[in-house]
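Visitor: Mind looking over this structure? Questions follow.
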Amino acid sequence: MTSKQYKSIGDDLWKSRTEKINAELFTLTYGALVVQLIQDYEDYAEVNKQLEKMGYNIGTRLIEDFLARSSLGRCSDFKEVGEVVAKVGFKTFLNITPVVVHIPPSSSAPGQPPSGATFTLTLEENPLAEFVELPDEALEGGLWFSNVLCGVLRGALEMVQMQVEATFVSDVLRGDDTTEIRVKLIKYLEEEVPVGDD
Amino acid sequence: MSNVGHYGSSTSTSLMSSALSSLAEPEPKLVDGIALDYLLIELVQTLRQSTLVATSKLRAREKEMVDAGLIPPTPPIPPSKKESKGKGPEDDEEEEALRIRLESIGATVGGNVAERLSKDRARFQDTLDTIKFVCKEVWAAVWDKQVDNLRTNHRGVYVLQDNAFRPLLRVSSASGSADALSKARIYLAFSSGVIRGALARLGLYAVVVPETTTLPQCTFQVKLPKAFNHFTTPA
């Protein structure tokens, strides 16, 4: 399927969704949660970890909802995964379409699975971080405010047999120019030969 | 422009083009309701963890201070206070701490929602008006429906009843409905926080007590302090 087709699938799924809520509700709840976690843990690295973990749990459930609604088949390669995640996944749940850039895997020995395939998602808008400003401490402490998204990606993709590593590369809340998440394929979780190998 | 001289005339609305009005009142950004549902579910679990960490840190600090002789040791809890189910008072403390956290997150959300929604509205006439606003508009904004039943004893206590409360709709437990009920209670903490926060932002400082007997029905008892009334003599 072409990129455009995925985009229109995403748009359709969003439009047909009847339960749309005001993003502010979502932003407020998430923001208050992060504040509370910072107060409890007093350690930004730990808060990052907890947000990721929470995201993982959410992701494992979200993927089922997504598959049921979109009835998309299996992706043929990791590049397609990136397209679906950006154009259909994010659109359906958060009504945003991050820009996806594919980075081909580094050269690997013949016969080896193509680990290292990566895509980056550049979020032009982030509903979690609307109107949020981070205090200096958080900036110095290395807080990734929207780290829950990395967990969601990891959890969701694990349920469809892909082990990935999702991390933030940059965040406008930290003063960077863009908000970028890098998703790297570690390996496929099946015994069968992974697709894309030749 | 012939309309310029007509103040308050109904034709003045034609002065506002749709571009201007969309600048003044931008379309609210929307996300899928299910994202919030999942967030709220996992939020409870995450906060439960963080509460454990926070309370154990607190206890460790207390112990340090006691060992250093800075504060007297806390008296041992009398056995009569222990729950018959075998849960120590420490578990209650943690459950309470979790509840407080959920409520305060709810209060933040409720306060801001109420503020946004009441922006263009006329001032509230009285307490009942405010409560009705919460029942209709705030409820609809947060849970996509209105309250099913509102009762009052006209003495500052209101009971808001919802027969199909959204957070409780899909709660079930493998160990049966009684277990589901007791576990569901904690999810109501966020919601009672929303109500409390919304009322507080609108000037009413109430105590909100959630109660549920059969899922997905639940009630919220809102107790308002007796307003000081200049015209009645003190009892």
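The chains in the structure tokens are called A, B, ... from first to last as shown; in each chain the residues are counted from 1, and the ligands are counted from 1 in the order shown.
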When the cut-off is 6 Å and we count only C-alpha atoms, which residues of chain B are near chain A, given as a short mmCIF file (atom, residue, chain, number, x, y, z; two decimals) with C-alpha atoms, in the first residue's frame?
Guide:
```
data_model
loop_
_atom_site.label_atom_id
_atom_site.label_comp_id
_atom_site.auth_asym_id
_atom_site.auth_seq_id
_atom_site.Cartn_x
_atom_site.Cartn_y
_atom_site.Cartn_z
CA LYS B 29 -8.09 19.76 19.39
CA LEU B 30 -9.49 16.29 19.74
CA VAL B 31 -8.06 12.92 20.57
CA ASP B 32 -9.64 9.51 20.77
CA GLY B 33 -11.57 8.91 23.96
CA LEU B 36 -7.81 8.73 27.87
CA SER B 50 4.93 5.36 42.94
CA ALA B 54 7.10 7.42 48.12
CA ILE B 105 -5.09 14.82 39.62
CA VAL B 109 -8.55 18.31 35.47
#
```
Visitor: Taking only region 79-234 of chain B into account, list the residues labelled alpha helix (DSSP H) by DSSP (computed from the backbone), as an MDAnalysis selection string.
Guide: chainID B and resid 89:117 127:133 139:143 166:169 177:184 187:201
Visitor: Within region 8-125 of chain A, find each residue whose DSSP state, derived from the backbone, is strand (DSSP E or B), and express the selection as a PyMOL selection string.
Guide: chain A and resi 20-22+99-103+118-123
Visitor: With N, CA, C and O atoms retained, could you export that selection as a PDB file, in the first residue's frame?
Guide:
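As written to disk, part_9.pdb reads:
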```pdb
ATOM      1  N   LYS A  20     -14.808  11.071  20.411  1.00  0.00           N
ATOM      2  CA  LYS A  20     -13.695  12.012  20.377  1.00  0.00           C
ATOM      3  C   LYS A  20     -13.799  12.871  21.625  1.00  0.00           C
ATOM      4  O   LYS A  20     -14.861  13.349  21.959  1.00  0.00           O
ATOM      5  N   ILE A  21     -12.714  13.081  22.269  1.00  0.00           N
ATOM      6  CA  ILE A  21     -12.752  13.938  23.450  1.00  0.00           C
ATOM      7  C   ILE A  21     -11.783  15.102  23.263  1.00  0.00           C
ATOM      8  O   ILE A  21     -10.891  15.051  22.423  1.00  0.00           O
ATOM      9  N   ASN A  22     -11.982  16.093  24.077  1.00  0.00           N
ATOM     10  CA  ASN A  22     -11.122  17.256  24.021  1.00  0.00           C
ATOM     11  C   ASN A  22      -9.710  16.870  24.450  1.00  0.00           C
ATOM     12  O   ASN A  22      -9.529  16.279  25.509  1.00  0.00           O
ATOM     13  N   VAL A  99       5.723  12.818  10.959  1.00  0.00           N
ATOM     14  CA  VAL A  99       6.450  12.582   9.721  1.00  0.00           C
ATOM     15  C   VAL A  99       7.390  11.410   9.957  1.00  0.00           C
ATOM     16  O   VAL A  99       8.109  11.369  10.945  1.00  0.00           O
ATOM     17  N   VAL A 100       7.358  10.460   9.049  1.00  0.00           N
ATOM     18  CA  VAL A 100       8.188   9.285   9.260  1.00  0.00           C
ATOM     19  C   VAL A 100       9.348   9.272   8.259  1.00  0.00           C
ATOM     20  O   VAL A 100       9.161   9.548   7.071  1.00  0.00           O
ATOM     21  N   VAL A 101      10.533   9.025   8.779  1.00  0.00           N
ATOM     22  CA  VAL A 101      11.725   8.950   7.943  1.00  0.00           C
ATOM     23  C   VAL A 101      12.345   7.581   8.161  1.00  0.00           C
ATOM     24  O   VAL A 101      12.592   7.174   9.295  1.00  0.00           O
ATOM     25  N   HIS A 102      12.586   6.862   7.074  1.00  0.00           N
ATOM     26  CA  HIS A 102      13.138   5.511   7.216  1.00  0.00           C
ATOM     27  C   HIS A 102      14.639   5.534   7.079  1.00  0.00           C
ATOM     28  O   HIS A 102      15.180   6.186   6.191  1.00  0.00           O
ATOM     29  N   ILE A 103      15.290   4.804   7.945  1.00  0.00           N
ATOM     30  CA  ILE A 103      16.738   4.683   7.850  1.00  0.00           C
ATOM     31  C   ILE A 103      17.029   3.226   7.559  1.00  0.00           C
ATOM     32  O   ILE A 103      16.673   2.349   8.354  1.00  0.00           O
ATOM     33  N   THR A 118      15.509   1.095  11.104  1.00  0.00           N
ATOM     34  CA  THR A 118      15.047   2.149  12.006  1.00  0.00           C
ATOM     35  C   THR A 118      14.138   3.104  11.267  1.00  0.00           C
ATOM     36  O   THR A 118      14.306   3.328  10.071  1.00  0.00           O
ATOM     37  N   PHE A 119      13.208   3.671  11.991  1.00  0.00           N
ATOM     38  CA  PHE A 119      12.501   4.831  11.447  1.00  0.00           C
ATOM     39  C   PHE A 119      12.380   5.864  12.553  1.00  0.00           C
ATOM     40  O   PHE A 119      12.368   5.524  13.740  1.00  0.00           O
ATOM     41  N   THR A 120      12.349   7.107  12.146  1.00  0.00           N
ATOM     42  CA  THR A 120      12.142   8.155  13.152  1.00  0.00           C
ATOM     43  C   THR A 120      10.810   8.828  12.885  1.00  0.00           C
ATOM     44  O   THR A 120      10.418   9.042  11.743  1.00  0.00           O
ATOM     45  N   LEU A 121      10.147   9.148  13.985  1.00  0.00           N
ATOM     46  CA  LEU A 121       8.872   9.840  13.899  1.00  0.00           C
ATOM     47  C   LEU A 121       9.104  11.252  14.389  1.00  0.00           C
ATOM     48  O   LEU A 121       9.582  11.450  15.506  1.00  0.00           O
ATOM     49  N   THR A 122       8.782  12.201  13.550  1.00  0.00           N
ATOM     50  CA  THR A 122       8.923  13.596  13.969  1.00  0.00           C
ATOM     51  C   THR A 122       7.528  14.128  14.230  1.00  0.00           C
ATOM     52  O   THR A 122       6.709  14.225  13.311  1.00  0.00           O
ATOM     53  N   LEU A 123       7.278  14.471  15.507  1.00  0.00           N
ATOM     54  CA  LEU A 123       5.945  14.930  15.877  1.00  0.00           C
ATOM     55  C   LEU A 123       5.865  16.439  15.741  1.00  0.00           C
ATOM     56  O   LEU A 123       6.524  17.171  16.472  1.00  0.00           O
TER      57      LEU A 123
END
```
Visitor: Could you check which of A:Ser70, A:Met1, A:Leu143, A:Val85 is closest to Ser16 (chain A), using only C-alpha atoms?
Guide: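 Once distances to Ser16 (chain A) are computed over only C-alpha atoms, the minimum belongs to A:Ser70.
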Visitor: Write out as a list in words the residues lying within 9 Å of Leu150 (chain B), counting only C-alpha atoms and excluding same-chain residues fewer than 4 positions away.
Guide: Lys132, Cys135, Tyr158, Val159, Leu160, Gln161 and Asp162 of chain B
Visitor: What would the file look like if the residues just selected were written as a CSV table (one decimal), in the first residue's frame with all heavy atoms?
Guide:
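selection36.csv, freshly written:
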```csv
chain,number,residue,atom,x,y,z
B,132,LYS,N,-25.9,22.0,38.9
B,132,LYS,CA,-26.5,21.5,37.7
B,132,LYS,C,-25.6,21.7,36.5
B,132,LYS,O,-25.5,20.8,35.6
B,132,LYS,CB,-27.8,22.3,37.4
B,132,LYS,CG,-29.0,21.9,38.3
B,132,LYS,CD,-30.3,22.1,37.7
B,132,LYS,CE,-30.6,23.5,37.5
B,132,LYS,NZ,-32.1,23.8,37.5
B,135,CYS,N,-23.4,18.8,36.7
B,135,CYS,CA,-24.0,17.6,36.3
B,135,CYS,C,-24.2,17.5,34.8
B,135,CYS,O,-24.2,16.4,34.2
B,135,CYS,CB,-25.4,17.5,36.8
B,135,CYS,SG,-25.4,17.3,38.6
B,158,TYR,N,-26.0,17.1,48.2
B,158,TYR,CA,-26.5,16.8,46.9
B,158,TYR,C,-26.0,15.4,46.5
B,158,TYR,O,-24.9,15.0,46.8
B,158,TYR,CB,-26.0,17.7,45.8
B,158,TYR,CG,-26.5,19.1,46.0
B,158,TYR,CD1,-25.8,20.0,46.8
B,158,TYR,CD2,-27.7,19.6,45.3
B,158,TYR,CE1,-26.3,21.3,47.0
B,158,TYR,CE2,-28.1,20.9,45.5
B,158,TYR,CZ,-27.4,21.7,46.3
B,158,TYR,OH,-27.8,23.0,46.5
B,159,VAL,N,-26.9,14.6,45.9
B,159,VAL,CA,-26.5,13.3,45.5
B,159,VAL,C,-26.6,13.2,44.0
B,159,VAL,O,-27.7,13.3,43.4
B,159,VAL,CB,-27.3,12.1,46.2
B,159,VAL,CG1,-26.8,10.8,45.7
B,159,VAL,CG2,-27.2,12.2,47.7
B,160,LEU,N,-25.5,12.9,43.3
B,160,LEU,CA,-25.5,12.8,41.9
B,160,LEU,C,-25.4,11.4,41.5
B,160,LEU,O,-24.5,10.7,42.0
B,160,LEU,CB,-24.2,13.5,41.3
B,160,LEU,CG,-24.2,15.0,41.3
B,160,LEU,CD1,-24.2,15.7,42.6
B,160,LEU,CD2,-23.0,15.5,40.5
B,161,GLN,N,-26.3,10.9,40.7
B,161,GLN,CA,-26.3,9.5,40.4
B,161,GLN,C,-26.2,9.3,38.9
B,161,GLN,O,-26.8,9.9,38.1
B,161,GLN,CB,-27.7,8.9,40.9
B,161,GLN,CG,-27.7,7.4,40.6
B,161,GLN,CD,-29.0,6.8,41.1
B,161,GLN,OE1,-29.5,7.2,42.2
B,161,GLN,NE2,-29.5,5.8,40.4
B,162,ASP,N,-25.3,8.3,38.6
B,162,ASP,CA,-25.1,8.0,37.2
B,162,ASP,C,-25.3,6.5,37.1
B,162,ASP,O,-24.6,5.7,37.8
B,162,ASP,CB,-23.7,8.4,36.8
B,162,ASP,CG,-23.5,8.4,35.3
B,162,ASP,OD1,-24.0,7.5,34.6
B,162,ASP,OD2,-22.7,9.2,34.8
```
Visitor: Separation of CA of Phe78 (chain A) and CA of Ala117 (chain A), in Å?
Guide: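 If I compute the distance from CA of Phe78 (chain A) to CA of Ala117 (chain A), I get 6.8 Å.
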Visitor: Which polymer residues have any atom within 12 Å of an atom of Arg74 (chain A), counting only C-alpha atoms, with same-chain residues fewer than 3 positions away left out, as a tab-separated table (two decimals) with C-alpha atoms, in the first residue's frame?
Guide:
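That gives us around.tsv:
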```
chain	number	residue	atom	x	y	z
A	1	MET	CA	0.00	0.00	0.00
A	67	LEU	CA	-6.00	-4.27	14.80
A	70	SER	CA	-8.27	-1.18	11.13
A	71	SER	CA	-8.25	-4.82	10.01
A	77	ASP	CA	8.72	-5.03	6.19
A	78	PHE	CA	9.79	-2.62	8.87
A	80	GLU	CA	5.75	-0.49	6.21
A	81	VAL	CA	5.52	-0.74	10.00
A	84	VAL	CA	1.33	2.29	9.43
A	157	LEU	CA	4.95	-3.71	18.40
A	160	VAL	CA	2.86	-8.12	16.80
A	161	GLN	CA	6.08	-10.01	17.12
A	162	MET	CA	8.62	-7.23	16.85
A	195	VAL	CA	10.70	-11.07	6.04
```
Visitor: With distances taken over only C-alpha atoms, which of B:Ala122, B:Ala178, B:Leu224, B:Leu43 is nearest to Leu98 (chain B)?
Guide: B:Leu43
Visitor: Could you name the residues that touch Leu102 (chain B) at 10 Å or less, counting only C-alpha atoms, but leaving out those on the same chain fewer than 4 positions away, as a list in words?
Guide: Thr29, Ala32, Leu33 and Gln36 of chain A; Leu40, Leu43, Val44, Leu47, Arg48, Glu96, Ala97, Leu98, Gly106, Ala107, Ile186, Tyr187, Leu188, Ala189, Phe190, Ser191, Ser192, Gly193 and Val194 of chain B
Visitor: List as a tab-separated table (two decimals) with N, CA, C and O atoms, in the first residue's frame the protein and nucleic acid residues near region 200-209 of chain B, meaning an atom at most 12 Å away when only C-alpha atoms are counted, but skip any in the same chain fewer than 6 places from it.
Guide:
```tsv
chain	number	residue	atom	x	y	z
B	99	ARG	N	-5.30	7.23	46.86
B	99	ARG	CA	-6.58	7.88	46.63
B	99	ARG	C	-6.40	9.39	46.59
B	99	ARG	O	-6.97	10.07	45.74
B	103	GLU	N	-7.24	11.78	43.47
B	103	GLU	CA	-8.19	12.88	43.65
B	103	GLU	C	-7.58	14.20	43.24
B	103	GLU	O	-8.25	15.04	42.63
B	106	GLY	N	-7.48	14.48	39.59
B	106	GLY	CA	-8.85	14.76	39.15
B	106	GLY	C	-9.23	16.21	39.38
B	106	GLY	O	-9.87	16.83	38.53
B	107	ALA	N	-8.80	16.76	40.52
B	107	ALA	CA	-9.15	18.14	40.84
B	107	ALA	C	-8.53	19.10	39.83
B	107	ALA	O	-9.18	20.06	39.40
B	108	THR	N	-7.29	18.84	39.45
B	108	THR	CA	-6.66	19.69	38.44
B	108	THR	C	-7.46	19.67	37.15
B	108	THR	O	-7.76	20.71	36.56
B	109	VAL	N	-7.80	18.46	36.71
B	109	VAL	CA	-8.55	18.31	35.47
B	109	VAL	C	-9.91	18.98	35.58
B	109	VAL	O	-10.31	19.77	34.73
B	110	GLY	N	-10.62	18.68	36.68
B	110	GLY	CA	-11.97	19.23	36.87
B	110	GLY	C	-11.97	20.74	36.90
B	110	GLY	O	-12.81	21.39	36.28
B	111	GLY	N	-11.01	21.31	37.64
B	111	GLY	CA	-10.94	22.76	37.74
B	111	GLY	C	-10.75	23.40	36.38
B	111	GLY	O	-11.45	24.36	36.02
B	112	ASN	N	-9.83	22.86	35.60
B	112	ASN	CA	-9.58	23.46	34.30
B	112	ASN	C	-10.73	23.27	33.32
B	112	ASN	O	-11.05	24.17	32.56
B	113	VAL	N	-11.35	22.11	33.37
B	113	VAL	CA	-12.51	21.88	32.50
B	113	VAL	C	-13.62	22.87	32.83
B	113	VAL	O	-14.23	23.48	31.94
B	114	ALA	N	-13.87	23.02	34.14
B	114	ALA	CA	-14.95	23.93	34.57
B	114	ALA	C	-14.66	25.35	34.13
B	114	ALA	O	-15.55	26.07	33.67
B	115	GLU	N	-13.39	25.73	34.26
B	115	GLU	CA	-13.00	27.07	33.88
B	115	GLU	C	-13.25	27.31	32.40
B	115	GLU	O	-13.84	28.30	32.00
B	116	ARG	N	-12.83	26.37	31.58
B	116	ARG	CA	-12.99	26.50	30.15
B	116	ARG	C	-14.45	26.56	29.74
B	116	ARG	O	-14.86	27.35	28.89
B	117	LEU	N	-15.23	25.69	30.34
B	117	LEU	CA	-16.62	25.60	29.94
B	117	LEU	C	-17.43	26.81	30.39
B	117	LEU	O	-18.39	27.20	29.74
B	118	SER	N	-17.07	27.38	31.54
B	118	SER	CA	-17.90	28.45	32.08
B	118	SER	C	-17.45	29.82	31.60
B	118	SER	O	-17.99	30.83	31.99
B	119	LYS	N	-16.47	29.83	30.73
B	119	LYS	CA	-15.89	31.09	30.26
B	119	LYS	C	-16.94	32.06	29.72
B	119	LYS	O	-16.98	33.21	30.09
B	121	ARG	N	-20.23	31.77	29.89
B	121	ARG	CA	-21.53	31.64	30.50
B	121	ARG	C	-21.83	32.82	31.41
B	121	ARG	O	-20.93	33.46	31.92
B	123	ARG	N	-23.00	34.42	34.99
B	123	ARG	CA	-22.67	34.02	36.37
B	123	ARG	C	-23.76	33.09	36.93
B	123	ARG	O	-24.91	33.21	36.58
B	124	PHE	N	-23.34	32.19	37.77
B	124	PHE	CA	-24.30	31.24	38.34
B	124	PHE	C	-25.20	31.93	39.36
B	124	PHE	O	-24.75	32.72	40.16
B	125	GLN	N	-26.47	31.57	39.31
B	125	GLN	CA	-27.44	32.22	40.21
B	125	GLN	C	-27.27	31.75	41.63
B	125	GLN	O	-27.30	32.52	42.56
B	126	ASP	N	-27.15	30.46	41.79
B	126	ASP	CA	-27.04	29.94	43.16
B	126	ASP	C	-26.36	28.58	43.11
B	126	ASP	O	-25.95	28.11	42.06
B	127	THR	N	-26.26	27.99	44.28
B	127	THR	CA	-25.56	26.71	44.40
B	127	THR	C	-26.16	25.66	43.48
B	127	THR	O	-25.44	24.92	42.81
B	128	LEU	N	-27.46	25.60	43.45
B	128	LEU	CA	-28.12	24.57	42.65
B	128	LEU	C	-27.74	24.72	41.18
B	128	LEU	O	-27.46	23.75	40.49
B	129	ASP	N	-27.69	25.96	40.75
B	129	ASP	CA	-27.29	26.24	39.37
B	129	ASP	C	-25.90	25.70	39.07
B	129	ASP	O	-25.66	25.10	38.02
B	130	THR	N	-25.00	25.95	40.01
B	130	THR	CA	-23.63	25.47	39.83
B	130	THR	C	-23.58	23.95	39.78
B	130	THR	O	-22.92	23.37	38.93
B	131	ILE	N	-24.30	23.33	40.67
B	131	ILE	CA	-24.31	21.86	40.69
B	131	ILE	C	-24.90	21.32	39.39
B	131	ILE	O	-24.40	20.35	38.82
B	133	PHE	N	-24.80	22.75	36.54
B	133	PHE	CA	-23.78	22.94	35.51
B	133	PHE	C	-22.79	21.78	35.52
B	133	PHE	O	-22.43	21.25	34.49
B	134	VAL	N	-22.37	21.41	36.73
B	134	VAL	CA	-21.43	20.30	36.85
B	134	VAL	C	-22.08	19.03	36.31
B	134	VAL	O	-21.48	18.25	35.57
B	138	VAL	N	-19.97	19.66	32.74
B	138	VAL	CA	-18.70	19.04	33.10
B	138	VAL	C	-18.78	17.54	32.86
B	138	VAL	O	-17.87	16.93	32.29
B	156	GLY	N	-27.68	21.51	51.70
B	156	GLY	CA	-26.26	21.47	51.39
B	156	GLY	C	-25.73	20.11	50.99
B	156	GLY	O	-24.55	19.95	50.76
B	157	VAL	N	-26.61	19.11	50.92
B	157	VAL	CA	-26.14	17.79	50.48
B	157	VAL	C	-26.81	17.45	49.16
B	157	VAL	O	-28.03	17.49	49.05
B	158	TYR	N	-26.01	17.14	48.17
B	158	TYR	CA	-26.54	16.75	46.87
B	158	TYR	C	-26.04	15.36	46.55
B	158	TYR	O	-24.90	15.03	46.84
B	159	VAL	N	-26.88	14.58	45.91
B	159	VAL	CA	-26.45	13.26	45.50
B	159	VAL	C	-26.59	13.16	43.98
B	159	VAL	O	-27.67	13.31	43.44
B	160	LEU	N	-25.47	12.93	43.33
B	160	LEU	CA	-25.46	12.82	41.88
B	160	LEU	C	-25.38	11.35	41.52
B	160	LEU	O	-24.46	10.66	41.96
B	161	GLN	N	-26.33	10.90	40.75
B	161	GLN	CA	-26.35	9.48	40.42
B	161	GLN	C	-26.17	9.26	38.93
B	161	GLN	O	-26.78	9.94	38.11
B	185	ARG	N	-13.57	0.74	43.24
B	185	ARG	CA	-13.70	1.95	44.06
B	185	ARG	C	-12.57	2.95	43.82
B	185	ARG	O	-12.79	4.14	43.77
B	186	ILE	N	-11.37	2.42	43.68
B	186	ILE	CA	-10.23	3.33	43.55
B	186	ILE	C	-10.33	4.14	42.27
B	186	ILE	O	-9.87	5.28	42.20
B	188	LEU	N	-12.87	5.42	41.17
B	188	LEU	CA	-13.79	6.52	41.39
B	188	LEU	C	-13.10	7.73	42.02
B	188	LEU	O	-13.65	8.82	42.01
B	189	ALA	N	-11.90	7.49	42.55
B	189	ALA	CA	-11.21	8.59	43.23
B	189	ALA	C	-10.92	9.73	42.26
B	189	ALA	O	-11.09	10.90	42.57
B	190	PHE	N	-10.47	9.36	41.06
B	190	PHE	CA	-10.19	10.37	40.06
B	190	PHE	C	-11.44	11.17	39.75
B	190	PHE	O	-11.43	12.40	39.71
B	191	SER	N	-12.55	10.45	39.56
B	191	SER	CA	-13.80	11.11	39.20
B	191	SER	C	-14.30	12.03	40.30
B	191	SER	O	-14.79	13.13	40.02
B	192	SER	N	-14.19	11.60	41.55
B	192	SER	CA	-14.66	12.50	42.61
B	192	SER	C	-13.75	13.71	42.70
B	192	SER	O	-14.20	14.80	43.03
B	193	GLY	N	-12.48	13.52	42.35
B	193	GLY	CA	-11.58	14.67	42.28
B	193	GLY	C	-12.01	15.65	41.22
B	193	GLY	O	-11.96	16.87	41.43
B	194	VAL	N	-12.46	15.14	40.08
B	194	VAL	CA	-12.91	16.01	39.00
B	194	VAL	C	-14.07	16.87	39.48
B	194	VAL	O	-14.10	18.08	39.27
B	218	CYS	N	-23.23	4.38	39.97
B	218	CYS	CA	-22.54	4.92	41.13
B	218	CYS	C	-23.15	6.26	41.50
B	218	CYS	O	-23.84	6.89	40.70
B	219	THR	N	-22.91	6.66	42.74
B	219	THR	CA	-23.41	7.96	43.19
B	219	THR	C	-22.26	8.75	43.79
B	219	THR	O	-21.29	8.19	44.30
B	220	PHE	N	-22.40	10.06	43.70
B	220	PHE	CA	-21.42	10.94	44.33
B	220	PHE	C	-22.18	11.83	45.29
B	220	PHE	O	-23.09	12.55	44.89
B	221	GLN	N	-21.80	11.76	46.55
B	221	GLN	CA	-22.46	12.59	47.53
B	221	GLN	C	-21.64	13.86	47.70
B	221	GLN	O	-20.44	13.79	48.02
B	222	VAL	N	-22.27	14.99	47.46
B	222	VAL	CA	-21.55	16.26	47.54
B	222	VAL	C	-22.06	17.02	48.75
B	222	VAL	O	-23.23	17.36	48.82
B	223	LYS	N	-21.14	17.27	49.70
B	223	LYS	CA	-21.56	17.97	50.92
B	223	LYS	C	-20.96	19.36	50.89
B	223	LYS	O	-19.74	19.53	50.89
B	224	LEU	N	-21.84	20.32	50.90
B	224	LEU	CA	-21.36	21.70	50.92
B	224	LEU	C	-21.43	22.23	52.34
B	224	LEU	O	-22.37	21.94	53.06
B	225	PRO	N	-20.46	23.05	52.72
B	225	PRO	CA	-20.51	23.59	54.08
B	225	PRO	C	-21.69	24.54	54.19
B	225	PRO	O	-22.09	25.16	53.21
B	226	LYS	N	-22.22	24.67	55.38
B	226	LYS	CA	-23.36	25.57	55.57
B	226	LYS	C	-22.89	26.98	55.29
B	226	LYS	O	-21.98	27.49	55.90
B	227	ALA	N	-23.58	27.61	54.36
B	227	ALA	CA	-23.20	28.98	54.02
B	227	ALA	C	-23.62	29.88	55.15
B	227	ALA	O	-24.68	29.72	55.72
```
Visitor: Would you please work out which residue, of A:Ala138, A:Ile63, A:Ala86, A:Val169, is nearest to Ala45 (chain A) when using only C-alpha atoms?
Guide: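 The shortest atom-to-atom distance to Ala45 (chain A) comes from A:Ala138.
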